[in-house]
Amino acid sequence: MATLSSPTIITTTSILLNNPFLPKTPQLSAHHHRGVRSVNGKVSCQTKNNNGNDDNNQFQLIQNPNTNTPYLLDRRNILLGLGGMYAALGSEGANYYNTLAAPILPDVEKCTLSDALWDGSVGDHCCPPPFDLNITKDFEFKNYHNHVKKVRRPAHKAYEDQEWLNDYKRAIAIMKSLPMSDPRSHMQQARVHCAYCDGSYPVLGHNDTRLEVHASWLFPSFHRWYLYFYERILGKLINKPDFALPYWNWDHRDGMRIPEIFKEMDSPLFDPNRNTNHLDKMMNLSFVSDEEGSDVNEDDQYEENILLMRKAMVYPSVSDDPNKAELFLGSPYRAGDKMEGDVSGAGILERMPHNSVHVWTRSNTIKGNQDMGAFWSAGRDPLFYCHHSNVDRMWSLWTDVLHGGNFPKPEYDDYRNAYFYFYDENANPVRVYVRDSFDTERLGYKYEDQELPWMSITQQQQQQQRQQQRQPLLGGRLKTRTFSLVKKVLTELKVMLPLPLKYSVIKTKVDRPKKSRTKEDKLEHEEVLVINFKLGKPKDFIKFDVYINDGTDYKPEDKTKINLEYAGSFTSLTHGGGGGGGDMSHMAEEDMGKNTVLKLALNQLLEDLDATDDDSIQVTIVPKSGTDSIVITGIDIE
């Protein structure tokens, strides 16, 4: 990191102390400054902003080079370019903003065209109507108060409330009839997703970098806000402010099909760009393509779906490790990070089953993975919002059920102070912050309770699964309990990296830094498998599976097997080009070979496999789709 000349920003301010990528520095004593306190190495200013919303750590402590005394600088004046303080800092201040951790912010005044398909056969202008920042207001809870709390219900129960269903259809029909000039119209709402997810907005202060809300900690908050205003617009159009979206309950057996209300061809909820092979079929939550053996018994498919849900939701929740939020929500994404086309930071919430449901639903006949299979077109299908309502529900369940309301979330300023722009139900532009997205009750909605079968897998059922998978060598499967016999083989199987993944399965031994951990240690720290790889820009759906201590002779063309040894998958949906050529074409070239990482929780998995006392584990990586540009560069345990 470059050395800053005077005036310098004191490196013990909260923005640096909260940055896990920078070295720790001595603590600044700031108790004598009114309103400022130092807690656990943090300097923070406990304030409320002018909206009455929480705004912790909004200020930075700046060293005056002339008087050698500190003063407080409102970070928003830097980030939004509103204050004279930023100008006073001169080039040093600009360098600070451009090089150190700061919230990732969209430059909505510079939206560009986005190439919808890589071959250029279809193009779409992904920019919503321009935002007038002179009249854009910050979101305030008091201005969006709901007199009646909205209740989102499962879509498969929609026919039980015919009045609500009629309202839903009528609202979508009106939205589709609005002129393109109206930011609340169906196509303009779809373009919101295209713009934020396919690189139409540059990052504020970094014109060479395009904003991408996927594959990072922005994913959950952006989509929560997106649905929040979409739902309010629908309610406004039918004059029913208590209208609530349904959720596609794909984590329950009754909801593991495309909901019936979206299959009526004469309904405004219908979209012709869906997979016709899947309209009446039980979902595969780890789906790649119809070419993978699809003749699976429904009961077996259901059991695999539930086990996948348990591994996705429960396994990352067993420890109290404060860093586990990254595993679930996504990795940090800060100003200066080049994420356009980079899928390195996706959390479990996004990777699976979110991505697989998108691919399950997309058209099997139309070129370009429309509609649900590509970021640029996904918002055109009304089912998209129903799907993301359940994704949002997963975040809510992870917060309230699995963590008792004590939501483990990143406390970094550059996370909390990131913001997005939307149009509300009155077509007024509004700026919303990540920090105001955490509480659904405060946002005025909740989810109707539904049985959680993935939470109720009994120890007896798990033991039965464990015994079934501990057969002697049959079809290449190894006894899990006799893994000590395998270790002699594993010493020969520690592969040399880097190694292209392409179409070949990789098996290797990975040493564990610590074994036989105490219960207290496992409660405080999650053991994490870290797979680093280089990835070209995804032109199609990308997926590879990861297994631990599994002796099965997997083949890439086999259906993904969700078994006891399954650790997780890397997935990424299709991106467009962004920028309509020109500079963006050059950027796409630079994006080839990006450093990418997949992180998988191991604590509970190693318990299941009785491998907590082993010195090493065997990791198997199975390529499934679009992996020809992937090169594995590292496999380690943290």
# chains A, B, ... in the order shown; residues from 1 in each chain; ligands from 1

call {"tool": "residues_around", "arguments": {"residues": "Glu260 of chain A", "least_positions_apart": "2", "cutoff": "12 Å", "atoms": "only C-alpha atoms", "output": "MDAnalysis selection string"}}
result
chainID A and resid 154:159 165 248 254:258 262:265 267 269:270 279:281 383

call {"tool": "select_by_dssp", "arguments": {"residues": "segment 258-447 of chain A", "states": "strand (DSSP E)", "output": "VMD selection string"}}
result
chain A and resid 419 to 423 429 to 433 445 to 447

call {"tool": "write_last_selection", "arguments": {"atoms": "N, CA, C and O atoms", "output": "short mmCIF file (atom, residue, chain, number, x, y, z; two decimals), in the first residue's frame"}}
result
data_model
loop_
_atom_site.label_atom_id
_atom_site.label_comp_id
_atom_site.auth_asym_id
_atom_site.auth_seq_id
_atom_site.Cartn_x
_atom_site.Cartn_y
_atom_site.Cartn_z
N TYR A 419 -24.79 1.53 -0.87
CA TYR A 419 -26.18 1.89 -1.17
C TYR A 419 -26.54 1.60 -2.62
O TYR A 419 -25.67 1.36 -3.48
N PHE A 420 -27.84 1.62 -2.89
CA PHE A 420 -28.39 1.39 -4.23
C PHE A 420 -29.48 2.44 -4.49
O PHE A 420 -30.00 3.05 -3.55
N TYR A 421 -29.83 2.61 -5.75
CA TYR A 421 -30.92 3.50 -6.13
C TYR A 421 -32.09 2.69 -6.71
O TYR A 421 -31.88 1.76 -7.50
N PHE A 422 -33.29 3.04 -6.30
CA PHE A 422 -34.50 2.43 -6.84
C PHE A 422 -35.55 3.51 -7.06
O PHE A 422 -35.42 4.64 -6.57
N TYR A 423 -36.60 3.16 -7.80
CA TYR A 423 -37.81 3.98 -7.87
C TYR A 423 -38.87 3.34 -6.99
O TYR A 423 -39.06 2.12 -7.02
N PRO A 429 -37.40 8.63 -7.08
CA PRO A 429 -36.10 7.99 -6.85
C PRO A 429 -35.73 8.00 -5.37
O PRO A 429 -35.96 9.00 -4.67
N VAL A 430 -35.16 6.92 -4.90
CA VAL A 430 -34.80 6.81 -3.48
C VAL A 430 -33.47 6.06 -3.38
O VAL A 430 -33.19 5.14 -4.15
N ARG A 431 -32.64 6.50 -2.44
CA ARG A 431 -31.36 5.84 -2.17
C ARG A 431 -31.49 5.02 -0.89
O ARG A 431 -31.91 5.55 0.14
N VAL A 432 -31.14 3.75 -0.96
CA VAL A 432 -31.28 2.86 0.19
C VAL A 432 -29.92 2.30 0.57
O VAL A 432 -29.06 2.09 -0.27
N TYR A 433 -29.75 2.05 1.87
CA TYR A 433 -28.47 1.59 2.40
C TYR A 433 -28.57 0.15 2.88
O TYR A 433 -29.61 -0.30 3.36
N TYR A 445 -42.79 -6.48 6.66
CA TYR A 445 -43.32 -7.73 6.14
C TYR A 445 -42.72 -8.91 6.91
O TYR A 445 -41.71 -8.78 7.60
N LYS A 446 -43.38 -10.05 6.78
CA LYS A 446 -42.87 -11.28 7.36
C LYS A 446 -43.31 -12.45 6.49
O LYS A 446 -44.10 -12.29 5.55
N TYR A 447 -42.80 -13.63 6.81
CA TYR A 447 -43.12 -14.83 6.05
C TYR A 447 -44.02 -15.75 6.86
O TYR A 447 -43.78 -15.97 8.05
#

call {"tool": "residues_around", "arguments": {"residues": "Thr518 of chain A", "least_positions_apart": "5", "cutoff": "12 Å", "atoms": "only C-alpha atoms", "output": "PyMOL selection string"}}
result
chain A and resi 523-525+603+612-613

call {"tool": "residues_around", "arguments": {"residues": "segment 307-310 of chain A", "least_positions_apart": "3", "cutoff": "7 Å", "atoms": "only C-alpha atoms", "output": "short mmCIF file (atom, residue, chain, number, x, y, z; two decimals) with C-alpha atoms, in the first residue's frame"}}
result
data_model
loop_
_atom_site.label_atom_id
_atom_site.label_comp_id
_atom_site.auth_asym_id
_atom_site.auth_seq_id
_atom_site.Cartn_x
_atom_site.Cartn_y
_atom_site.Cartn_z
CA ASP A 251 -37.39 -26.17 0.41
CA GLU A 303 -34.30 -36.77 0.19
CA GLU A 304 -31.35 -35.33 -1.72
CA MET A 313 -28.57 -23.74 5.90
CA VAL A 314 -27.61 -25.64 9.06
CA TYR A 315 -23.98 -26.64 8.56
CA TRP A 454 -34.44 -29.78 6.46
CA MET A 455 -34.37 -28.69 10.12
CA ILE A 562 -26.00 -35.21 -2.57
#

call {"tool": "residues_around", "arguments": {"residues": "His252 of chain A", "least_positions_apart": "4", "cutoff": "9 Å", "atoms": "only C-alpha atoms", "output": "list in words"}}
result
Met256, Tyr302, Ile306, Gln450, Glu451, Leu452, Pro453 and Trp454 of chain A

call {"tool": "residues_around", "arguments": {"residues": "segment 331-337 of chain A", "least_positions_apart": "3", "cutoff": "6 Å", "atoms": "only C-alpha atoms", "output": "NGL selection string"}}
result
:A and (101-104 or 216-217 or 326 or 345)

call {"tool": "atom_distance", "arguments": {"atom1": "atom CA of Ser456 of chain A", "atom2": "atom CA of Thr440 of chain A"}}
result
24.6 Å

call {"tool": "atom_distance", "arguments": {"atom1": "atom CA of Gly626 of chain A", "atom2": "atom CA of Pro500 of chain A"}}
result
12.5 Å

call {"tool": "closest_residue", "arguments": {"among": "A:Asp610, A:Asp449, A:Asp242, A:Asp182", "to": "Trp164 of chain A", "atoms": "only C-alpha atoms"}}
result
A:Asp242

call {"tool": "closest_residue", "arguments": {"among": "A:Tyr228, A:Asn297, A:Asn249, A:Trp376", "to": "Cys126 of chain A", "atoms": "only C-alpha atoms"}}
result
A:Trp376

call {"tool": "closest_residue", "arguments": {"among": "A:Asp299, A:Glu212, A:Asp400, A:Glu448", "to": "Tyr247 of chain A", "atoms": "only C-alpha atoms"}}
result
A:Glu448

call {"tool": "closest_residue", "arguments": {"among": "A:Phe229, A:Trp250, A:Tyr566, A:Phe533", "to": "Gln189 of chain A", "atoms": "only C-alpha atoms"}}
result
A:Phe229

call {"tool": "residues_around", "arguments": {"residues": "Gln370 of chain A", "least_positions_apart": "6", "cutoff": "10 Å", "atoms": "only C-alpha atoms", "output": "PyMOL selection string"}}
result
chain A and resi 117+272-275+358-359+361-364+376-378+380-381+574

call {"tool": "select_by_dssp", "arguments": {"residues": "segment 337-455 of chain A", "states": "helix (DSSP H, G or I)", "output": "VMD selection string"}}
result
chain A and resid 348 to 351 354 to 361 378 to 380 382 to 400 413 to 416 434 to 436 440 to 443 453 to 455

call {"tool": "atom_distance", "arguments": {"atom1": "atom CA of Ile238 of chain A", "atom2": "atom CA of Ser396 of chain A"}}
result
27.4 Å
